[in-house]
file coords.cif (mmCIF, C-alpha atoms)
data_final
#
loop_
_atom_site.group_PDB
_atom_site.id
_atom_site.type_symbol
_atom_site.label_atom_id
_atom_site.label_comp_id
_atom_site.auth_asym_id
_atom_site.auth_seq_id
_atom_site.Cartn_x
_atom_site.Cartn_y
_atom_site.Cartn_z
ATOM 1 C CA MET A 1 -34.153 37.224 -35.950
ATOM 2 C CA PRO A 2 -37.441 36.388 -34.179
ATOM 3 C CA SER A 3 -37.110 34.583 -30.866
ATOM 4 C CA GLN A 4 -38.188 30.966 -30.503
ATOM 5 C CA TYR A 5 -41.185 32.138 -28.508
ATOM 6 C CA HIS A 6 -42.139 34.627 -31.242
ATOM 7 C CA GLN A 7 -42.001 31.810 -33.798
ATOM 8 C CA LEU A 8 -44.056 29.481 -31.586
ATOM 9 C CA VAL A 9 -46.911 31.947 -31.040
ATOM 10 C CA GLU A 10 -46.945 33.030 -34.687
ATOM 11 C CA SER A 11 -47.173 29.413 -35.868
ATOM 12 C CA LEU A 12 -50.253 28.447 -33.830
ATOM 13 C CA THR A 13 -53.477 28.207 -35.849
ATOM 14 C CA GLU A 14 -56.946 28.477 -34.333
ATOM 15 C CA GLU A 15 -57.331 24.703 -34.526
ATOM 16 C CA GLN A 16 -53.992 24.122 -32.828
ATOM 17 C CA ILE A 17 -54.798 26.611 -30.054
ATOM 18 C CA LEU A 18 -58.097 24.857 -29.303
ATOM 19 C CA GLU A 19 -56.382 21.461 -29.356
ATOM 20 C CA ARG A 20 -53.437 22.553 -27.220
ATOM 21 C CA PHE A 21 -55.591 24.354 -24.637
ATOM 22 C CA PRO A 22 -58.752 22.328 -23.894
ATOM 23 C CA ASP A 23 -59.888 24.934 -21.340
ATOM 24 C CA VAL A 24 -60.417 27.436 -24.177
ATOM 25 C CA ILE A 25 -64.086 27.526 -25.237
ATOM 26 C CA PRO A 26 -64.537 28.070 -29.007
ATOM 27 C CA LEU A 27 -66.085 31.411 -29.866
ATOM 28 C CA GLN A 28 -69.388 29.971 -31.096
ATOM 29 C CA GLU A 29 -69.815 28.105 -27.782
ATOM 30 C CA ARG A 30 -68.661 30.831 -25.412
ATOM 31 C CA PRO A 31 -70.778 31.751 -22.406
ATOM 32 C CA ASN A 32 -71.910 35.351 -22.904
ATOM 33 C CA SER A 33 -71.143 36.153 -19.275
ATOM 34 C CA ARG A 34 -68.512 38.086 -17.406
ATOM 35 C CA SER A 35 -67.396 35.146 -15.284
ATOM 36 C CA SER A 36 -67.331 31.389 -15.364
ATOM 37 C CA GLU A 37 -69.837 29.714 -13.060
ATOM 38 C CA THR A 38 -67.281 27.174 -11.884
ATOM 39 C CA PRO A 39 -64.851 28.094 -9.099
ATOM 40 C CA SER A 40 -61.154 28.450 -9.805
ATOM 41 C CA ASP A 41 -59.511 25.012 -9.755
ATOM 42 C CA LEU A 42 -55.762 24.783 -10.213
ATOM 43 C CA SER A 43 -53.829 21.674 -11.113
ATOM 44 C CA HIS A 44 -52.004 19.827 -8.344
ATOM 45 C CA LYS A 45 -48.739 21.516 -9.381
ATOM 46 C CA ASP A 46 -50.254 24.969 -8.900
ATOM 47 C CA LYS A 47 -52.425 24.429 -5.818
ATOM 48 C CA SER A 48 -50.251 26.761 -3.783
ATOM 49 C CA ALA A 49 -50.755 29.596 -6.272
ATOM 50 C CA PHE A 50 -53.808 31.049 -4.503
ATOM 51 C CA SER A 51 -52.527 30.342 -1.008
ATOM 52 C CA GLY A 52 -52.781 33.473 1.107
ATOM 53 C CA HIS A 53 -54.399 35.508 -1.664
ATOM 54 C CA ASN A 54 -57.432 37.723 -1.269
ATOM 55 C CA GLU A 55 -60.764 35.960 -1.852
ATOM 56 C CA ILE A 56 -62.178 38.758 -4.026
ATOM 57 C CA GLN A 57 -59.136 38.636 -6.293
ATOM 58 C CA ILE A 58 -59.355 34.847 -6.511
ATOM 59 C CA GLN A 59 -62.949 35.111 -7.723
ATOM 60 C CA LEU A 60 -61.949 37.654 -10.357
ATOM 61 C CA MET A 61 -59.750 34.919 -11.838
ATOM 62 C CA ASN A 62 -63.017 33.399 -13.133
ATOM 63 C CA GLU A 63 -63.607 36.303 -15.529
ATOM 64 C CA ASN A 64 -63.884 35.214 -19.163
ATOM 65 C CA CYS A 65 -61.068 36.733 -21.220
ATOM 66 C CA ILE A 66 -60.721 36.770 -25.042
ATOM 67 C CA VAL A 67 -58.237 34.251 -26.472
ATOM 68 C CA LEU A 68 -56.483 35.312 -29.685
ATOM 69 C CA ASP A 69 -54.335 34.092 -32.517
ATOM 70 C CA TRP A 70 -51.200 35.918 -33.695
ATOM 71 C CA ASP A 71 -53.198 38.419 -35.775
ATOM 72 C CA ASP A 72 -55.523 39.462 -32.924
ATOM 73 C CA ASN A 73 -58.364 37.352 -34.341
ATOM 74 C CA ILE A 74 -60.660 35.852 -31.717
ATOM 75 C CA VAL A 75 -60.305 32.120 -31.092
ATOM 76 C CA GLY A 76 -62.553 31.772 -28.068
ATOM 77 C CA SER A 77 -62.915 32.368 -24.355
ATOM 78 C CA ALA A 78 -60.914 31.271 -21.308
ATOM 79 C CA THR A 79 -60.844 32.354 -17.693
ATOM 80 C CA LYS A 80 -58.415 34.951 -16.449
ATOM 81 C CA LYS A 81 -56.787 32.172 -14.452
ATOM 82 C CA VAL A 82 -56.196 30.004 -17.531
ATOM 83 C CA CYS A 83 -54.839 32.979 -19.511
ATOM 84 C CA HIS A 84 -52.395 34.028 -16.784
ATOM 85 C CA LEU A 85 -50.843 30.688 -15.812
ATOM 86 C CA MET A 86 -47.215 30.649 -16.973
ATOM 87 C CA ASP A 87 -47.573 26.984 -17.967
ATOM 88 C CA ASN A 88 -50.096 28.078 -20.600
ATOM 89 C CA ILE A 89 -48.268 31.278 -21.544
ATOM 90 C CA GLU A 90 -45.033 29.398 -22.192
ATOM 91 C CA ARG A 91 -46.953 27.181 -24.627
ATOM 92 C CA GLY A 92 -48.248 30.233 -26.487
ATOM 93 C CA LEU A 93 -51.667 31.119 -25.030
ATOM 94 C CA LEU A 94 -52.459 34.749 -25.921
ATOM 95 C CA HIS A 95 -55.298 37.047 -24.834
ATOM 96 C CA ARG A 96 -56.540 40.619 -25.385
ATOM 97 C CA ALA A 97 -55.977 43.480 -22.927
ATOM 98 C CA PHE A 98 -55.983 47.262 -22.710
ATOM 99 C CA SER A 99 -53.898 49.938 -21.026
ATOM 100 C CA CYS A 100 -55.601 53.291 -20.391
ATOM 101 C CA PHE A 101 -53.860 56.608 -19.711
ATOM 102 C CA ILE A 102 -56.060 59.409 -18.332
ATOM 103 C CA PHE A 103 -54.851 62.991 -18.683
ATOM 104 C CA ASN A 104 -56.592 65.886 -16.943
ATOM 105 C CA ASP A 105 -57.100 69.301 -18.535
ATOM 106 C CA LYS A 106 -53.656 70.400 -17.244
ATOM 107 C CA GLY A 107 -51.957 67.585 -19.147
ATOM 108 C CA GLU A 108 -51.219 65.574 -16.002
ATOM 109 C CA LEU A 109 -51.287 61.764 -16.120
ATOM 110 C CA LEU A 110 -53.172 59.703 -13.541
ATOM 111 C CA LEU A 111 -50.985 56.875 -12.217
ATOM 112 C CA GLN A 112 -52.058 54.062 -9.926
ATOM 113 C CA GLN A 113 -50.219 51.703 -7.630
ATOM 114 C CA ARG A 114 -51.701 48.229 -7.819
ATOM 115 C CA ALA A 115 -53.083 46.966 -4.509
ATOM 116 C CA GLY A 116 -51.164 44.498 -2.409
ATOM 117 C CA GLU A 117 -54.153 42.160 -2.751
ATOM 118 C CA LYS A 118 -53.570 41.764 -6.513
ATOM 119 C CA ILE A 119 -52.449 38.271 -7.532
ATOM 120 C CA THR A 120 -50.295 39.520 -10.398
ATOM 121 C CA PHE A 121 -47.782 42.375 -10.077
ATOM 122 C CA PRO A 122 -48.949 43.581 -6.618
ATOM 123 C CA LEU A 123 -47.845 47.023 -5.400
ATOM 124 C CA LEU A 124 -46.237 48.007 -8.711
ATOM 125 C CA TRP A 125 -46.983 51.431 -10.171
ATOM 126 C CA THR A 126 -48.554 51.590 -13.597
ATOM 127 C CA ASN A 127 -50.744 53.617 -15.942
ATOM 128 C CA THR A 128 -54.260 54.664 -14.963
ATOM 129 C CA CYS A 129 -56.005 51.347 -15.637
ATOM 130 C CA CYS A 130 -54.818 48.014 -17.058
ATOM 131 C CA SER A 131 -57.276 45.169 -17.587
ATOM 132 C CA HIS A 132 -59.062 42.958 -20.115
ATOM 133 C CA PRO A 133 -62.135 43.175 -22.301
ATOM 134 C CA LEU A 134 -64.326 40.193 -21.519
ATOM 135 C CA SER A 135 -65.945 37.616 -23.764
ATOM 136 C CA ILE A 136 -69.315 39.373 -23.708
ATOM 137 C CA ASP A 137 -71.237 40.962 -26.550
ATOM 138 C CA ASP A 138 -70.381 44.619 -25.892
ATOM 139 C CA GLU A 139 -66.649 44.010 -25.308
ATOM 140 C CA ILE A 140 -65.599 41.184 -27.619
ATOM 141 C CA GLY A 141 -65.422 42.916 -31.013
ATOM 142 C CA THR A 142 -65.564 40.683 -34.097
ATOM 143 C CA LYS A 143 -64.037 37.402 -35.272
ATOM 144 C CA ASN A 144 -61.652 36.648 -38.155
ATOM 145 C CA PRO A 145 -61.018 38.798 -40.032
ATOM 146 C CA GLY A 146 -61.098 41.112 -37.050
ATOM 147 C CA ASP A 147 -62.722 44.509 -37.429
ATOM 148 C CA LEU A 148 -60.329 46.829 -35.597
ATOM 149 C CA ALA A 149 -62.956 49.557 -35.145
ATOM 150 C CA ALA A 150 -65.349 47.065 -33.516
ATOM 151 C CA ASN A 151 -62.533 45.739 -31.320
ATOM 152 C CA ILE A 152 -61.660 49.275 -30.200
ATOM 153 C CA THR A 153 -65.304 49.896 -29.289
ATOM 154 C CA GLY A 154 -65.329 46.699 -27.237
ATOM 155 C CA VAL A 155 -62.075 47.575 -25.492
ATOM 156 C CA THR A 156 -63.337 51.087 -24.738
ATOM 157 C CA ASN A 157 -66.528 49.664 -23.194
ATOM 158 C CA ALA A 158 -64.359 47.422 -21.020
ATOM 159 C CA CYS A 159 -62.212 50.385 -20.025
ATOM 160 C CA VAL A 160 -65.252 52.399 -18.903
ATOM 161 C CA ARG A 161 -66.347 49.428 -16.781
ATOM 162 C CA LYS A 162 -62.935 48.962 -15.173
ATOM 163 C CA LEU A 163 -62.341 52.670 -14.519
ATOM 164 C CA GLU A 164 -65.460 52.587 -12.368
ATOM 165 C CA HIS A 165 -64.514 49.279 -10.723
ATOM 166 C CA GLU A 166 -60.891 50.138 -9.923
ATOM 167 C CA LEU A 167 -60.847 53.914 -9.506
ATOM 168 C CA GLY A 168 -64.473 54.752 -8.791
ATOM 169 C CA ILE A 169 -64.742 57.003 -11.849
ATOM 170 C CA PRO A 170 -68.470 57.166 -12.648
ATOM 171 C CA VAL A 171 -69.497 55.836 -16.066
ATOM 172 C CA GLU A 172 -71.393 59.060 -16.737
ATOM 173 C CA GLU A 173 -68.164 61.036 -16.331
ATOM 174 C CA THR A 174 -66.078 58.953 -18.737
ATOM 175 C CA ARG A 175 -68.924 59.102 -21.246
ATOM 176 C CA THR A 176 -69.389 62.890 -21.066
ATOM 177 C CA ARG A 177 -66.316 64.628 -19.606
ATOM 178 C CA GLY A 178 -63.606 63.527 -22.007
ATOM 179 C CA ASP A 179 -62.696 61.533 -25.115
ATOM 180 C CA PHE A 180 -60.921 58.237 -25.728
ATOM 181 C CA HIS A 181 -58.158 57.980 -28.324
ATOM 182 C CA PHE A 182 -56.854 54.619 -29.565
ATOM 183 C CA LEU A 183 -53.087 54.808 -30.160
ATOM 184 C CA ASN A 184 -51.825 51.324 -31.102
ATOM 185 C CA ARG A 185 -51.456 47.691 -30.009
ATOM 186 C CA ILE A 186 -48.401 46.084 -28.419
ATOM 187 C CA HIS A 187 -47.820 42.347 -28.116
ATOM 188 C CA TYR A 188 -45.634 41.358 -25.166
ATOM 189 C CA MET A 189 -45.023 38.558 -22.675
ATOM 190 C CA ALA A 190 -43.867 39.023 -19.067
ATOM 191 C CA PRO A 191 -43.627 36.617 -16.133
ATOM 192 C CA CYS A 192 -44.876 37.928 -12.820
ATOM 193 C CA ASN A 193 -41.751 36.642 -11.004
ATOM 194 C CA ASP A 194 -43.822 35.290 -8.137
ATOM 195 C CA PRO A 195 -42.017 32.679 -5.964
ATOM 196 C CA ASN A 196 -43.274 29.649 -7.911
ATOM 197 C CA ASN A 197 -43.277 31.290 -11.369
ATOM 198 C CA THR A 198 -47.012 30.587 -11.543
ATOM 199 C CA TRP A 199 -48.396 33.783 -13.078
ATOM 200 C CA GLY A 200 -47.634 36.086 -15.979
ATOM 201 C CA GLU A 201 -48.980 38.130 -18.887
ATOM 202 C CA HIS A 202 -49.087 37.440 -22.622
ATOM 203 C CA GLU A 203 -51.269 40.016 -24.306
ATOM 204 C CA VAL A 204 -52.162 42.021 -27.343
ATOM 205 C CA ASP A 205 -52.552 45.268 -25.427
ATOM 206 C CA TYR A 206 -54.707 48.090 -26.844
ATOM 207 C CA ILE A 207 -53.325 51.472 -25.760
ATOM 208 C CA LEU A 208 -55.972 54.122 -25.002
ATOM 209 C CA PHE A 209 -55.553 57.760 -24.023
ATOM 210 C CA PHE A 210 -58.439 59.559 -22.327
ATOM 211 C CA LYS A 211 -58.281 63.356 -22.371
ATOM 212 C CA VAL A 212 -60.499 65.220 -19.920
ATOM 213 C CA HIS A 213 -62.251 68.191 -21.524
ATOM 214 C CA LYS A 214 -61.032 71.691 -20.690
ATOM 215 C CA GLY A 215 -62.710 73.000 -17.557
ATOM 216 C CA LYS A 216 -63.896 69.521 -16.512
ATOM 217 C CA THR A 217 -62.727 67.197 -13.749
ATOM 218 C CA ILE A 218 -63.318 63.522 -12.994
ATOM 219 C CA THR A 219 -64.041 61.867 -9.665
ATOM 220 C CA VAL A 220 -61.431 59.388 -8.391
ATOM 221 C CA LYS A 221 -62.460 57.214 -5.431
ATOM 222 C CA PRO A 222 -60.247 54.104 -5.590
ATOM 223 C CA ASN A 223 -61.415 50.603 -4.739
ATOM 224 C CA LEU A 224 -58.828 49.685 -2.093
ATOM 225 C CA ASN A 225 -58.983 46.032 -3.117
ATOM 226 C CA GLU A 226 -57.641 47.119 -6.520
ATOM 227 C CA VAL A 227 -55.636 50.301 -5.968
ATOM 228 C CA GLU A 228 -53.106 50.971 -3.209
ATOM 229 C CA ASP A 229 -52.416 54.590 -4.159
ATOM 230 C CA PHE A 230 -52.742 57.057 -7.024
ATOM 231 C CA LYS A 231 -51.325 60.394 -8.117
ATOM 232 C CA TRP A 232 -51.544 62.958 -10.898
ATOM 233 C CA VAL A 233 -48.144 63.827 -12.385
ATOM 234 C CA ASP A 234 -46.917 66.241 -15.018
ATOM 235 C CA LEU A 235 -44.187 65.149 -17.416
ATOM 236 C CA ALA A 236 -41.294 66.426 -15.299
ATOM 237 C CA ALA A 237 -42.622 64.797 -12.122
ATOM 238 C CA PHE A 238 -43.206 61.556 -14.002
ATOM 239 C CA LYS A 239 -39.624 61.441 -15.276
ATOM 240 C CA ALA A 240 -38.443 61.960 -11.694
ATOM 241 C CA LEU A 241 -40.552 58.995 -10.529
ATOM 242 C CA LEU A 242 -39.097 56.757 -13.223
ATOM 243 C CA ALA A 243 -35.601 57.695 -12.095
ATOM 244 C CA ASP A 244 -36.401 57.008 -8.412
ATOM 245 C CA THR A 245 -35.862 53.248 -8.591
ATOM 246 C CA GLU A 246 -35.417 52.956 -4.816
ATOM 247 C CA ASN A 247 -39.009 54.008 -4.130
ATOM 248 C CA TYR A 248 -40.934 53.203 -7.325
ATOM 249 C CA SER A 249 -41.224 49.981 -9.318
ATOM 250 C CA PHE A 250 -43.360 49.713 -12.446
ATOM 251 C CA THR A 251 -45.253 46.996 -14.313
ATOM 252 C CA PRO A 252 -43.473 45.478 -17.325
ATOM 253 C CA TRP A 253 -46.058 46.603 -19.888
ATOM 254 C CA PHE A 254 -45.925 50.154 -18.567
ATOM 255 C CA LYS A 255 -42.132 50.172 -18.874
ATOM 256 C CA ILE A 256 -42.408 48.931 -22.488
ATOM 257 C CA ILE A 257 -44.856 51.715 -23.340
ATOM 258 C CA CYS A 258 -42.662 54.327 -21.618
ATOM 259 C CA GLU A 259 -39.485 53.160 -23.343
ATOM 260 C CA ASN A 260 -41.032 53.101 -26.811
ATOM 261 C CA TYR A 261 -43.911 55.572 -27.058
ATOM 262 C CA LEU A 262 -45.183 57.508 -24.081
ATOM 263 C CA PHE A 263 -42.966 60.581 -24.090
ATOM 264 C CA GLY A 264 -43.503 61.222 -27.801
ATOM 265 C CA TRP A 265 -47.259 60.821 -27.425
ATOM 266 C CA TRP A 266 -47.331 63.036 -24.334
ATOM 267 C CA GLU A 267 -45.622 65.821 -26.235
ATOM 268 C CA GLN A 268 -48.404 65.640 -28.846
ATOM 269 C CA LEU A 269 -51.203 65.499 -26.301
ATOM 270 C CA ASP A 270 -52.879 68.654 -27.632
ATOM 271 C CA ASP A 271 -53.256 67.032 -31.063
ATOM 272 C CA LEU A 272 -52.960 63.233 -31.247
ATOM 273 C CA SER A 273 -54.095 63.012 -34.866
ATOM 274 C CA LYS A 274 -50.617 62.070 -36.135
ATOM 275 C CA VAL A 275 -50.133 59.175 -33.702
ATOM 276 C CA GLU A 276 -53.593 57.717 -33.066
ATOM 277 C CA ASN A 277 -55.384 54.870 -34.878
ATOM 278 C CA ASP A 278 -52.185 53.032 -35.794
ATOM 279 C CA LYS A 279 -53.253 49.614 -37.136
ATOM 280 C CA THR A 280 -49.884 47.936 -36.596
ATOM 281 C CA ILE A 281 -49.387 45.347 -33.844
ATOM 282 C CA TYR A 282 -45.938 46.065 -32.395
ATOM 283 C CA ARG A 283 -44.238 42.857 -31.273
ATOM 284 C CA MET A 284 -42.149 43.073 -28.090
ATOM 285 C CA LEU A 285 -41.296 39.377 -27.816
#

call {"tool": "encode", "arguments": {"input": "coords.cif", "output": "structure tokens"}}
result
Amino acid sequence: MPSQYHQLVESLTEEQILERFPDVIPLQERPNSRSSETPSDLSHKDKSAFSGHNEIQIQLMNENCIVLDWDDNIVGSATKKVCHLMDNIERGLLHRAFSCFIFNDKGELLLQQRAGEKITFPLLWTNTCCSHPLSIDDEIGTKNPGDLAANITGVTNACVRKLEHELGIPVEETRTRGDFHFLNRIHYMAPCNDPNNTWGEHEVDYILFFKVHKGKTITVKPNLNEVEDFKWVDLAAFKALLADTENYSFTPWFKIICENYLFGWWEQLDDLSKVENDKTIYRML
């Protein structure tokens, strides 16, 4: 039996989304820019949300994310701030995201710990890179009916951008020293559990593996405003980290992926052909 929230999000049409969320800019009117020109401006209820937060991270809340309907069709554009406010999430606002997993030529996974400066889920460990394609031409994909291949290209372009921004991995290296593999999409919602219940996630999350070519390496020089720590782990070491709940806490989307998919995919890392390019959206609501 679908949850009430599942039923709410599934029922919302494009017209209803635009009516319910006036801050969402319809696709045909979207600014083709990475960020909104207007500064972040929270309602009176949420004015304390940015209190004490890092100025760089506050400005990143102006990035223009891709707002979706239930079927991953593009409705329009809204700022990262608008998409991550729990008030909007609880009323069904949904956006597109990606989660990238980089494996080196020894089959080790690159993990990162999110920086303490992050507004959402600070200091939690997670997969290599988790972020959002933006409402710009080379990341947005196509509108209803969505072209999954075009969407994957857009998400991959966003991933290349964010790998450089967060982990200092040069664009030239991700373009030439390995290959991306699209696995599937998961749809989940998770509150951030911050003191005022202000922030959260509600995403259709594209899962990408990146396999470094044999004999090649990639440069990792983390942006300390984004990444607190990082480590390469093999499968045994990773399972030990998951079990060490006293010292390691993980993001909710990463835990969903681990519980449902990651170990099976990891075991097929040498040949992902049987598990990649799954067109299903898996609902975790």

call {"tool": "residues_around", "arguments": {"input": "coords.cif", "residues": "A:Glu108", "least_positions_apart": "4", "cutoff": "8 Å", "atoms": "all atoms listed in the file", "output": "MDAnalysis selection string"}}
result
chainID A and resid 103:104 232:235

call {"tool": "residues_around", "arguments": {"input": "coords.cif", "residues": "stretch 89-94 of chain A", "least_positions_apart": "3", "cutoff": "6 Å", "atoms": "all atoms listed in the file", "output": "list in words"}}
result
Val9, Val67, Leu68, Met86, His202 and Glu203 of chain A

call {"tool": "atom_distance", "arguments": {"input": "coords.cif", "atom1": "atom CA of A:Lys211", "atom2": "atom CA of A:Gly107"}}
result
8.3 Å

call {"tool": "resolve_selection", "arguments": {"input": "coords.cif", "expression": "the PyMOL selection byres ((chain A and resi 112) around 6)", "output": "JSON list (two decimals) with C-alpha atoms, in the coordinates of the input"}}
result
[["chain", "number", "residue", "atom", "x", "y", "z"],
["A", 111, "LEU", "CA", -50.98, 56.88, -12.22],
["A", 113, "GLN", "CA", -50.22, 51.70, -7.63],
["A", 125, "TRP", "CA", -46.98, 51.43, -10.17],
["A", 126, "THR", "CA", -48.55, 51.59, -13.60],
["A", 128, "THR", "CA", -54.26, 54.66, -14.96],
["A", 229, "ASP", "CA", -52.42, 54.59, -4.16],
["A", 230, "PHE", "CA", -52.74, 57.06, -7.02]]

call {"tool": "residues_around", "arguments": {"input": "coords.cif", "residues": "stretch 253-259 of chain A", "least_positions_apart": "3", "cutoff": "8 Å", "atoms": "all atoms listed in the file", "output": "VMD selection string"}}
result
chain A and resid 126 to 127 188 190 250 262 to 263

call {"tool": "atom_distance", "arguments": {"input": "coords.cif", "atom1": "atom CA of A:Ala115", "atom2": "atom CA of A:Glu139"}}
result
25.0 Å

call {"tool": "residues_around", "arguments": {"input": "coords.cif", "residues": "stretch 144-152 of chain A", "least_positions_apart": "3", "cutoff": "7 Å", "atoms": "only C-alpha atoms", "output": "number ranges by chain"}}
result
A: 73-74, 140-141, 155-156

call {"tool": "atom_distance", "arguments": {"input": "coords.cif", "atom1": "atom CA of A:Asn88", "atom2": "atom CA of A:Met61"}}
result
14.7 Å

call {"tool": "decode", "arguments": {"input": "coords.cif", "residues": "stretch 264-272 of chain A", "atoms": "all heavy atoms", "output": "PDB file, in the first residue's frame"}}
result
ATOM      1  N   GLY A 264      25.691  -5.925  -4.638  1.00  0.00           N
ATOM      2  CA  GLY A 264      25.504  -6.705  -5.861  1.00  0.00           C
ATOM      3  C   GLY A 264      26.184  -6.078  -7.055  1.00  0.00           C
ATOM      4  O   GLY A 264      26.805  -6.771  -7.871  1.00  0.00           O
ATOM      5  N   TRP A 265      26.094  -4.757  -7.170  1.00  0.00           N
ATOM      6  CA  TRP A 265      26.765  -4.057  -8.272  1.00  0.00           C
ATOM      7  C   TRP A 265      28.279  -4.186  -8.147  1.00  0.00           C
ATOM      8  O   TRP A 265      28.973  -4.397  -9.136  1.00  0.00           O
ATOM      9  CB  TRP A 265      26.374  -2.589  -8.259  1.00  0.00           C
ATOM     10  CG  TRP A 265      24.963  -2.296  -8.683  1.00  0.00           C
ATOM     11  CD1 TRP A 265      24.131  -3.099  -9.400  1.00  0.00           C
ATOM     12  CD2 TRP A 265      24.240  -1.101  -8.405  1.00  0.00           C
ATOM     13  NE1 TRP A 265      22.927  -2.467  -9.596  1.00  0.00           N
ATOM     14  CE2 TRP A 265      22.963  -1.243  -8.989  1.00  0.00           C
ATOM     15  CE3 TRP A 265      24.521   0.077  -7.721  1.00  0.00           C
ATOM     16  CZ2 TRP A 265      21.979  -0.254  -8.917  1.00  0.00           C
ATOM     17  CZ3 TRP A 265      23.562   1.065  -7.633  1.00  0.00           C
ATOM     18  CH2 TRP A 265      22.308   0.897  -8.230  1.00  0.00           C
ATOM     19  N   TRP A 266      28.788  -4.022  -6.937  1.00  0.00           N
ATOM     20  CA  TRP A 266      30.225  -4.063  -6.692  1.00  0.00           C
ATOM     21  C   TRP A 266      30.795  -5.412  -7.128  1.00  0.00           C
ATOM     22  O   TRP A 266      31.869  -5.487  -7.728  1.00  0.00           O
ATOM     23  CB  TRP A 266      30.502  -3.821  -5.216  1.00  0.00           C
ATOM     24  CG  TRP A 266      31.871  -3.310  -4.881  1.00  0.00           C
ATOM     25  CD1 TRP A 266      33.036  -3.576  -5.538  1.00  0.00           C
ATOM     26  CD2 TRP A 266      32.215  -2.447  -3.792  1.00  0.00           C
ATOM     27  NE1 TRP A 266      34.099  -2.939  -4.915  1.00  0.00           N
ATOM     28  CE2 TRP A 266      33.619  -2.241  -3.836  1.00  0.00           C
ATOM     29  CE3 TRP A 266      31.489  -1.840  -2.767  1.00  0.00           C
ATOM     30  CZ2 TRP A 266      34.292  -1.448  -2.899  1.00  0.00           C
ATOM     31  CZ3 TRP A 266      32.148  -1.055  -1.843  1.00  0.00           C
ATOM     32  CH2 TRP A 266      33.540  -0.858  -1.909  1.00  0.00           C
ATOM     33  N   GLU A 267      30.050  -6.465  -6.835  1.00  0.00           N
ATOM     34  CA  GLU A 267      30.509  -7.796  -7.219  1.00  0.00           C
ATOM     35  C   GLU A 267      30.573  -7.985  -8.732  1.00  0.00           C
ATOM     36  O   GLU A 267      31.264  -8.875  -9.227  1.00  0.00           O
ATOM     37  CB  GLU A 267      29.603  -8.855  -6.587  1.00  0.00           C
ATOM     38  CG  GLU A 267      29.759  -8.948  -5.064  1.00  0.00           C
ATOM     39  CD  GLU A 267      28.722  -9.843  -4.433  1.00  0.00           C
ATOM     40  OE1 GLU A 267      27.830 -10.329  -5.174  1.00  0.00           O
ATOM     41  OE2 GLU A 267      28.801 -10.065  -3.204  1.00  0.00           O
ATOM     42  N   GLN A 268      29.820  -7.164  -9.473  1.00  0.00           N
ATOM     43  CA  GLN A 268      29.816  -7.245 -10.935  1.00  0.00           C
ATOM     44  C   GLN A 268      30.608  -6.114 -11.582  1.00  0.00           C
ATOM     45  O   GLN A 268      30.408  -5.795 -12.753  1.00  0.00           O
ATOM     46  CB  GLN A 268      28.372  -7.241 -11.453  1.00  0.00           C
ATOM     47  CG  GLN A 268      27.540  -8.404 -10.932  1.00  0.00           C
ATOM     48  CD  GLN A 268      26.141  -8.415 -11.506  1.00  0.00           C
ATOM     49  OE1 GLN A 268      25.933  -8.663 -12.695  1.00  0.00           O
ATOM     50  NE2 GLN A 268      25.154  -8.142 -10.660  1.00  0.00           N
ATOM     51  N   LEU A 269      31.508  -5.521 -10.813  1.00  0.00           N
ATOM     52  CA  LEU A 269      32.212  -4.333 -11.265  1.00  0.00           C
ATOM     53  C   LEU A 269      32.996  -4.576 -12.557  1.00  0.00           C
ATOM     54  O   LEU A 269      33.096  -3.681 -13.398  1.00  0.00           O
ATOM     55  CB  LEU A 269      33.149  -3.837 -10.163  1.00  0.00           C
ATOM     56  CG  LEU A 269      33.784  -2.464 -10.339  1.00  0.00           C
ATOM     57  CD1 LEU A 269      32.725  -1.371 -10.457  1.00  0.00           C
ATOM     58  CD2 LEU A 269      34.713  -2.160  -9.154  1.00  0.00           C
ATOM     59  N   ASP A 270      33.526  -5.768 -12.737  1.00  0.00           N
ATOM     60  CA  ASP A 270      34.300  -6.059 -13.947  1.00  0.00           C
ATOM     61  C   ASP A 270      33.437  -6.046 -15.205  1.00  0.00           C
ATOM     62  O   ASP A 270      33.934  -5.783 -16.303  1.00  0.00           O
ATOM     63  CB  ASP A 270      34.997  -7.418 -13.822  1.00  0.00           C
ATOM     64  CG  ASP A 270      36.159  -7.380 -12.840  1.00  0.00           C
ATOM     65  OD1 ASP A 270      36.647  -6.272 -12.552  1.00  0.00           O
ATOM     66  OD2 ASP A 270      36.549  -8.453 -12.350  1.00  0.00           O
ATOM     67  N   ASP A 271      32.144  -6.330 -15.052  1.00  0.00           N
ATOM     68  CA  ASP A 271      31.226  -6.342 -16.188  1.00  0.00           C
ATOM     69  C   ASP A 271      29.843  -5.921 -15.696  1.00  0.00           C
ATOM     70  O   ASP A 271      29.086  -6.727 -15.150  1.00  0.00           O
ATOM     71  CB  ASP A 271      31.156  -7.730 -16.818  1.00  0.00           C
ATOM     72  CG  ASP A 271      30.219  -7.776 -18.023  1.00  0.00           C
ATOM     73  OD1 ASP A 271      29.713  -6.702 -18.431  1.00  0.00           O
ATOM     74  OD2 ASP A 271      29.971  -8.880 -18.538  1.00  0.00           O
ATOM     75  N   LEU A 272      29.523  -4.643 -15.880  1.00  0.00           N
ATOM     76  CA  LEU A 272      28.263  -4.074 -15.391  1.00  0.00           C
ATOM     77  C   LEU A 272      27.121  -4.213 -16.399  1.00  0.00           C
ATOM     78  O   LEU A 272      26.029  -3.703 -16.160  1.00  0.00           O
ATOM     79  CB  LEU A 272      28.462  -2.594 -15.052  1.00  0.00           C
ATOM     80  CG  LEU A 272      29.397  -2.291 -13.884  1.00  0.00           C
ATOM     81  CD1 LEU A 272      29.722  -0.798 -13.833  1.00  0.00           C
ATOM     82  CD2 LEU A 272      28.784  -2.741 -12.558  1.00  0.00           C
TER      83      LEU A 272
END
